[in-house]
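A short write-up of the structure that comes next.
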Amino acid sequence: MKNRYVGRTFIMPGQGVRKKSVRQKLNVIASEFKGRNVLLVDDSIVRGTTSREIVQMARDAGARKVYLASAAPPVRFPNVYGIDMPTPGELVAHDRSIEEIRQVIGCDALIYQDVEGMRRAIGSLNTKLDGFDASCFDGVYITGDVTAETIAAMNSSRADTAEKIGEEGDVDVSRLALPNPQD
């Protein structure tokens, strides 16, 4: 059962807060899991926190096997166009094979949508669509100006912001300057 009053956990600050929020957000009905093989389906897997927790919750409720499917491809790259995404190192799929991700999450099998399958599915829904940004899945940024250095600068700025918040409490974000990719 999902508690709709708990927000998106992948953007919450700190691993401890994310893990606690997953347990508050989701509750297991043990009779639905005990002695069964179960398939859990999620819209996407970003850090893996939610996935790891729900797999463990299913096991704790008595599931024999726990399979996990993601409706999205592996999120391997940060989104730099306005979504507060984790750094590459915080993304469970960054620089990992699907088998390595499966091991981190702890499920018996892991199934992902693939990027081309996603493109075909979306294209079939809107034939006028010429393309779309899939950079967090394939690392191809549509503006063409995002490099590893740009991402490193953003991560550095993000770390500086976190440090300022730790020192000062609340920070006036209007005082914080993000690196300009043109510099």
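In the structure tokens, each chain is lettered A, B, ... as it comes, each chain's residues begin at 1, and ligands are numbered from 1 in order of appearance.
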#### Entry: Shell of 10 Å around Phe132 in chain A, only C-alpha atoms, local chain residues under 2 positions omitted, as a VMD selection string
chain A and resid 119 122 to 123 129 to 130 134 to 135 142
### Task
Per DSSP on the backbone, filter range 30-104 of chain A down to the residues in strand (DSSP E or B) and report them as a list in words.
Asn37, Val38, Leu39, Leu40, Val41, Asp42, Lys65, Val66, Tyr67, Leu68, Ala69 and Ser70 of chain A
Produce a file of the selected residues containing C-alpha atoms, as a compact mmCIF listing (two decimals), in the first residue's frame.
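Result file follows (again_26.txt):
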```
# COMPACT_ATOMS: atom_id res chain seq x y z
CA ASN A 37 7.06 -15.38 -6.33
CA VAL A 38 6.36 -11.68 -6.90
CA LEU A 39 7.02 -9.18 -9.66
CA LEU A 40 7.38 -5.58 -8.51
CA VAL A 41 7.05 -2.88 -11.19
CA ASP A 42 8.34 0.66 -10.76
CA LYS A 65 11.40 -14.89 -5.18
CA VAL A 66 11.33 -11.17 -5.90
CA TYR A 67 11.57 -9.95 -9.48
CA LEU A 68 11.79 -6.25 -10.28
CA ALA A 69 10.85 -4.50 -13.54
CA SER A 70 11.45 -0.87 -14.44
```
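Minimum distance to Gln103 in chain A across A:Ala152, A:Val55, A:Phe33, A:Ser44 (counting only C-alpha atoms) occurs at A:Val55.
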Would you please give, as a compact mmCIF listing (two decimals) with N, CA and C atoms, in the first residue's frame, all residues of range 86-157 of chain A that DSSP assigns to helix (DSSP H, G or I) based on the backbone?
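Resulting contents of states.txt:
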```txt
# COMPACT_ATOMS: atom_id res chain seq x y z
N PRO A 88 26.39 11.53 -10.87
CA PRO A 88 26.54 10.21 -11.51
C PRO A 88 26.86 9.09 -10.52
N GLY A 89 27.73 9.36 -9.58
CA GLY A 89 28.10 8.33 -8.61
C GLY A 89 26.97 7.87 -7.71
N GLU A 90 25.93 8.68 -7.59
CA GLU A 90 24.78 8.32 -6.76
C GLU A 90 23.72 7.54 -7.53
N ILE A 98 23.55 -4.49 -15.69
CA ILE A 98 22.26 -4.82 -15.10
C ILE A 98 22.43 -5.88 -14.00
N GLU A 99 23.34 -6.81 -14.21
CA GLU A 99 23.60 -7.83 -13.18
C GLU A 99 24.16 -7.18 -11.91
N GLU A 100 25.05 -6.22 -12.06
CA GLU A 100 25.60 -5.53 -10.89
C GLU A 100 24.52 -4.72 -10.17
N ILE A 101 23.63 -4.10 -10.92
CA ILE A 101 22.51 -3.35 -10.33
C ILE A 101 21.61 -4.32 -9.57
N ARG A 102 21.31 -5.46 -10.19
CA ARG A 102 20.47 -6.48 -9.55
C ARG A 102 21.05 -6.88 -8.20
N GLN A 103 22.36 -7.07 -8.15
CA GLN A 103 23.01 -7.45 -6.90
C GLN A 103 22.91 -6.36 -5.85
N VAL A 104 23.09 -5.10 -6.26
CA VAL A 104 22.97 -3.98 -5.33
C VAL A 104 21.55 -3.91 -4.75
N ILE A 105 20.56 -4.10 -5.60
CA ILE A 105 19.16 -4.00 -5.18
C ILE A 105 18.73 -5.25 -4.40
N VAL A 115 16.26 1.67 -24.16
CA VAL A 115 16.10 3.02 -24.71
C VAL A 115 15.38 2.98 -26.06
N GLU A 116 15.78 2.09 -26.95
CA GLU A 116 15.15 2.03 -28.27
C GLU A 116 13.69 1.60 -28.17
N GLY A 117 13.39 0.68 -27.28
CA GLY A 117 12.00 0.27 -27.07
C GLY A 117 11.16 1.43 -26.55
N MET A 118 11.75 2.23 -25.67
CA MET A 118 11.06 3.41 -25.15
C MET A 118 10.80 4.41 -26.29
N ARG A 119 11.81 4.63 -27.12
CA ARG A 119 11.65 5.56 -28.25
C ARG A 119 10.54 5.08 -29.20
N ARG A 120 10.52 3.79 -29.50
CA ARG A 120 9.48 3.25 -30.38
C ARG A 120 8.10 3.41 -29.77
N ALA A 121 7.98 3.10 -28.48
CA ALA A 121 6.68 3.19 -27.81
C ALA A 121 6.17 4.63 -27.81
N ILE A 122 7.02 5.57 -27.48
CA ILE A 122 6.59 6.97 -27.45
C ILE A 122 6.31 7.47 -28.86
N GLY A 123 7.15 7.08 -29.81
CA GLY A 123 6.93 7.47 -31.21
C GLY A 123 5.62 6.95 -31.76
N SER A 124 5.22 5.76 -31.33
CA SER A 124 3.96 5.20 -31.82
C SER A 124 2.75 5.92 -31.22
N LEU A 125 2.94 6.56 -30.07
CA LEU A 125 1.85 7.31 -29.45
C LEU A 125 1.67 8.69 -30.07
N SER A 135 18.54 11.99 -22.29
CA SER A 135 19.93 12.10 -21.82
C SER A 135 20.20 11.33 -20.54
N CYS A 136 19.24 11.26 -19.62
CA CYS A 136 19.51 10.54 -18.38
C CYS A 136 19.63 9.03 -18.61
N PHE A 137 19.16 8.57 -19.78
CA PHE A 137 19.28 7.15 -20.11
C PHE A 137 20.46 6.86 -21.04
N ASP A 138 20.69 7.75 -22.01
CA ASP A 138 21.72 7.46 -23.01
C ASP A 138 22.93 8.39 -22.99
N ALA A 148 31.53 16.13 -19.69
CA ALA A 148 31.88 15.60 -18.36
C ALA A 148 32.34 16.73 -17.45
N GLU A 149 33.02 17.72 -18.02
CA GLU A 149 33.49 18.87 -17.24
C GLU A 149 32.31 19.71 -16.74
N THR A 150 31.29 19.89 -17.59
CA THR A 150 30.09 20.64 -17.20
C THR A 150 29.42 19.95 -16.02
N ILE A 151 29.28 18.64 -16.11
CA ILE A 151 28.63 17.87 -15.04
C ILE A 151 29.47 17.94 -13.77
N ALA A 152 30.80 17.85 -13.89
CA ALA A 152 31.67 17.95 -12.73
C ALA A 152 31.53 19.32 -12.06
N ALA A 153 31.44 20.39 -12.87
CA ALA A 153 31.26 21.74 -12.32
C ALA A 153 29.93 21.85 -11.59
N MET A 154 28.88 21.27 -12.16
CA MET A 154 27.57 21.30 -11.50
C MET A 154 27.61 20.54 -10.18
N ASN A 155 28.29 19.41 -10.18
CA ASN A 155 28.41 18.62 -8.96
C ASN A 155 29.19 19.36 -7.90
N SER A 156 30.23 20.09 -8.32
CA SER A 156 31.03 20.88 -7.39
C SER A 156 30.18 21.98 -6.78
N SER A 157 29.40 22.65 -7.62
CA SER A 157 28.50 23.70 -7.13
C SER A 157 27.49 23.13 -6.16
```
#### Entry: Among the residues A:Val80, A:Val28, A:Cys107, A:Val140, the one that comes closest to Gly62 in chain A [using only C-alpha atoms]
A:Val28
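Using only C-alpha atoms for every distance, the candidate list A:His94, A:Ala71, A:Asp60, A:Pro86 yields A:Asp60 as the residue closest to Ser31 in chain A.
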